[in-house]
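Have a look at start.pdb; it's PDB, C-alpha atoms, pLDDT in the B column:
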MODEL        1
ATOM      1  CA  MET A   1      75.596 -49.046  89.071  1.00 58.00           C
ATOM      2  CA  GLU A   2      75.465 -45.241  89.281  1.00 71.00           C
ATOM      3  CA  ASN A   3      79.030 -45.004  88.005  1.00 81.00           C
ATOM      4  CA  ALA A   4      78.185 -47.227  85.014  1.00 81.00           C
ATOM      5  CA  VAL A   5      75.269 -44.975  84.106  1.00 76.00           C
ATOM      6  CA  ALA A   6      77.421 -41.854  84.447  1.00 81.00           C
ATOM      7  CA  GLU A   7      80.201 -43.405  82.341  1.00 84.00           C
ATOM      8  CA  ARG A   8      77.709 -44.419  79.651  1.00 79.00           C
ATOM      9  CA  MET A   9      76.272 -40.909  79.578  1.00 76.00           C
ATOM     10  CA  ASN A  10      79.750 -39.353  79.412  1.00 79.00           C
ATOM     11  CA  GLY A  11      80.708 -41.652  76.546  1.00 81.00           C
ATOM     12  CA  MET A  12      77.508 -40.934  74.652  1.00 77.00           C
ATOM     13  CA  LEU A  13      77.954 -37.177  75.065  1.00 75.00           C
ATOM     14  CA  LYS A  14      81.572 -37.363  73.885  1.00 78.00           C
ATOM     15  CA  ASP A  15      80.810 -39.598  70.899  1.00 79.00           C
ATOM     16  CA  SER A  16      77.476 -38.183  69.758  1.00 78.00           C
ATOM     17  CA  PHE A  17      78.049 -34.523  70.490  1.00 76.00           C
ATOM     18  CA  GLU A  18      81.829 -34.200  70.022  1.00 77.00           C
ATOM     19  CA  LEU A  19      82.420 -33.152  73.617  1.00 74.00           C
ATOM     20  CA  ASP A  20      85.933 -34.568  73.636  1.00 75.00           C
ATOM     21  CA  ARG A  21      87.328 -31.326  72.243  1.00 82.00           C
ATOM     22  CA  THR A  22      88.788 -28.209  73.779  1.00 89.00           C
ATOM     23  CA  PHE A  23      86.516 -25.224  74.253  1.00 90.00           C
ATOM     24  CA  SER A  24      87.748 -21.642  74.234  1.00 94.00           C
ATOM     25  CA  SER A  25      85.979 -20.801  77.496  1.00 96.00           C
ATOM     26  CA  PHE A  26      84.007 -22.308  80.341  1.00 95.00           C
ATOM     27  CA  GLU A  27      80.905 -20.488  79.106  1.00 96.00           C
ATOM     28  CA  GLU A  28      81.265 -21.967  75.604  1.00 93.00           C
ATOM     29  CA  ALA A  29      81.592 -25.468  77.048  1.00 89.00           C
ATOM     30  CA  GLN A  30      78.659 -24.953  79.399  1.00 92.00           C
ATOM     31  CA  GLN A  31      76.414 -23.712  76.573  1.00 93.00           C
ATOM     32  CA  PHE A  32      77.430 -26.565  74.275  1.00 88.00           C
ATOM     33  CA  ILE A  33      76.764 -29.156  76.976  1.00 86.00           C
ATOM     34  CA  LEU A  34      73.373 -27.639  77.831  1.00 90.00           C
ATOM     35  CA  GLU A  35      72.395 -27.805  74.158  1.00 90.00           C
ATOM     36  CA  ALA A  36      73.568 -31.425  73.903  1.00 86.00           C
ATOM     37  CA  ILE A  37      71.603 -32.456  76.995  1.00 86.00           C
ATOM     38  CA  THR A  38      68.492 -30.637  75.755  1.00 90.00           C
ATOM     39  CA  TYR A  39      68.776 -32.429  72.408  1.00 88.00           C
ATOM     40  CA  TYR A  40      69.305 -35.786  74.148  1.00 84.00           C
ATOM     41  CA  ASN A  41      66.263 -35.321  76.400  1.00 85.00           C
ATOM     42  CA  GLU A  42      63.849 -33.500  74.115  1.00 87.00           C
ATOM     43  CA  ARG A  43      64.640 -34.353  70.495  1.00 88.00           C
ATOM     44  CA  ARG A  44      66.442 -37.721  70.331  1.00 85.00           C
ATOM     45  CA  PRO A  45      64.171 -40.799  70.473  1.00 85.00           C
ATOM     46  CA  HIS A  46      65.470 -43.693  72.592  1.00 79.00           C
ATOM     47  CA  SER A  47      64.902 -47.378  71.928  1.00 78.00           C
ATOM     48  CA  SER A  48      64.818 -48.000  75.672  1.00 78.00           C
ATOM     49  CA  CYS A  49      61.676 -45.878  76.094  1.00 80.00           C
ATOM     50  CA  ASP A  50      59.427 -46.975  73.224  1.00 83.00           C
ATOM     51  CA  LYS A  51      61.241 -44.793  70.678  1.00 84.00           C
ATOM     52  CA  LEU A  52      60.123 -41.652  72.480  1.00 83.00           C
ATOM     53  CA  THR A  53      62.316 -38.879  73.772  1.00 87.00           C
ATOM     54  CA  PRO A  54      63.003 -39.061  77.517  1.00 85.00           C
ATOM     55  CA  LYS A  55      60.820 -35.976  77.978  1.00 90.00           C
ATOM     56  CA  GLU A  56      57.900 -37.610  76.124  1.00 88.00           C
ATOM     57  CA  ALA A  57      58.415 -40.862  78.026  1.00 86.00           C
ATOM     58  CA  SER A  58      58.373 -39.088  81.389  1.00 85.00           C
ATOM     59  CA  GLU A  59      55.020 -37.553  80.534  1.00 89.00           C
ATOM     60  CA  ARG A  60      53.435 -40.960  79.832  1.00 84.00           C
ATOM     61  CA  THR A  61      51.866 -43.299  82.349  1.00 85.00           C
ATOM     62  CA  GLY A  62      52.206 -47.053  82.315  1.00 84.00           C
ATOM     63  CA  PRO A  63      54.988 -49.256  81.019  1.00 83.00           C
ATOM     64  CA  LEU A  64      56.970 -48.394  77.901  1.00 77.00           C
ATOM     65  CA  LYS A  65      58.029 -50.958  75.335  1.00 78.00           C
ATOM     66  CA  ARG A  66      61.775 -51.500  75.096  1.00 74.00           C
ATOM     67  CA  HIS A  67      63.069 -52.001  71.564  1.00 70.00           C
ATOM     68  CA  TRP A  68      66.273 -53.731  72.635  1.00 67.00           C
ATOM     69  CA  LYS A  69      67.381 -56.680  74.742  1.00 67.00           C
ATOM     70  CA  SER A  70      69.993 -56.697  77.473  1.00 71.00           C
ATOM     71  CA  TYR A  71      73.038 -58.922  77.169  1.00 71.00           C
ATOM     72  CA  SER A  72      71.553 -61.383  79.671  1.00 78.00           C
ATOM     73  CA  GLU A  73      68.263 -61.515  77.745  1.00 74.00           C
ATOM     74  CA  LYS A  74      70.139 -62.171  74.491  1.00 76.00           C
ATOM     75  CA  ALA A  75      72.177 -64.924  76.137  1.00 79.00           C
ATOM     76  CA  ALA A  76      69.050 -66.556  77.577  1.00 81.00           C
ATOM     77  CA  ALA A  77      67.278 -66.452  74.191  1.00 79.00           C
ATOM     78  CA  LYS A  78      70.324 -67.980  72.496  1.00 85.00           C
ATOM     79  CA  ALA A  79      70.496 -70.767  75.099  1.00 85.00           C
ATOM     80  CA  GLU A  80      66.797 -71.503  74.591  1.00 86.00           C
ATOM     81  CA  ARG A  81      67.272 -71.729  70.782  1.00 85.00           C
ATOM     82  CA  GLU A  82      70.246 -74.040  71.192  1.00 86.00           C
ATOM     83  CA  ALA A  83      68.362 -76.218  73.664  1.00 86.00           C
ATOM     84  CA  ALA A  84      65.422 -76.443  71.246  1.00 85.00           C
ATOM     85  CA  LYS A  85      67.767 -77.468  68.417  1.00 83.00           C
ATOM     86  CA  GLY A  86      69.241 -80.218  70.614  1.00 76.00           C
ATOM     87  CA  LYS A  87      65.791 -81.666  71.378  1.00 70.00           C
ATOM     88  CA  GLY A  88      64.636 -81.618  67.784  1.00 58.00           C
ATOM     89  CA  GLY A  89      67.848 -82.911  66.188  1.00 51.00           C
TER      90      GLY A  89
ENDMDL
END
Now, as a test, write the supplied structure out as structure tokens.
Amino acid sequence: MENAVAERMNGMLKDSFELDRTFSSFEEAQQFILEAITYYNERRPHSSCDKLTPKEASERTGPLKRHWKSYSEKAAAKAEREAAKGKGG
């Protein structure tokens, strides 16, 4: 599970922040990555934490509303709809 999270984060950083390029120095890369992570945590709202930034979400107490469904939740909802169609038809 940890590897999946790390791979997702790597992919998001590469795609959203153009980190799949060559930097002229280690310091340039480090600064760019720090800025990308700061943006991701402090400025970019996430549907998985009630459309708040991770920083805002971490400062809240209580559950946060997710604005997405996992693949298994989508599959279960689809199966329920199909089962309901079969009973009514």
>> For the PyMOL selection byres ((chain A and resi 62-72) around 9), applied here, can you spell out every residue it catches as a PyMOL selection string?
In response: chain A and resi 46-51+57+60-61+73-77
For C-alpha atoms, I'd like the residues from the last selection saved as a PDB file, keeping the file's coordinate frame.
ATOM      1  CA  HIS A  46      65.470 -43.693  72.592  1.00 79.00           C
ATOM      2  CA  SER A  47      64.902 -47.378  71.928  1.00 78.00           C
ATOM      3  CA  SER A  48      64.818 -48.000  75.672  1.00 78.00           C
ATOM      4  CA  CYS A  49      61.676 -45.878  76.094  1.00 80.00           C
ATOM      5  CA  ASP A  50      59.427 -46.975  73.224  1.00 83.00           C
ATOM      6  CA  LYS A  51      61.241 -44.793  70.678  1.00 84.00           C
ATOM      7  CA  ALA A  57      58.415 -40.862  78.026  1.00 86.00           C
ATOM      8  CA  ARG A  60      53.435 -40.960  79.832  1.00 84.00           C
ATOM      9  CA  THR A  61      51.866 -43.299  82.349  1.00 85.00           C
ATOM     10  CA  GLU A  73      68.263 -61.515  77.745  1.00 74.00           C
ATOM     11  CA  LYS A  74      70.139 -62.171  74.491  1.00 76.00           C
ATOM     12  CA  ALA A  75      72.177 -64.924  76.137  1.00 79.00           C
ATOM     13  CA  ALA A  76      69.050 -66.556  77.577  1.00 81.00           C
ATOM     14  CA  ALA A  77      67.278 -66.452  74.191  1.00 79.00           C
TER      15      ALA A  77
END
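Take CA of Leu13 in chain A and CA of Ile33 in chain A: the distance between them is 8.3 Å.
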| said: My list of candidates is A:Thr22, A:Asn10, A:Asn3, A:Ser16. Which is closest to Arg44 in chain A when distances are computed with only C-alpha atoms? | reply: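 Nearest to Arg44 in chain A: A:Ser16.
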| request: Kindly provide, as a list in words, the polymer residues lying within 10 Å of (63.2, -38.3, 77.9), counting all atoms listed in the file and using the coordinates exactly as they appear in the file. | output: Thr38, Tyr39, Tyr40, Asn41, Glu42, Arg43, Arg44, Pro45, His46, Cys49, Lys51, Leu52, Thr53, Pro54, Lys55, Glu56, Ala57, Ser58 and Glu59 of chain A
For this session: Measure the distance from CA of Ala6 in chain A to CA of Ser25 in chain A in Å and round it to one decimal.
Result: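 Here the two named atoms are 23.8 Å from each other.
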From CA of Leu19 in chain A to CA of Ala36 in chain A the spacing works out at 9.0 Å
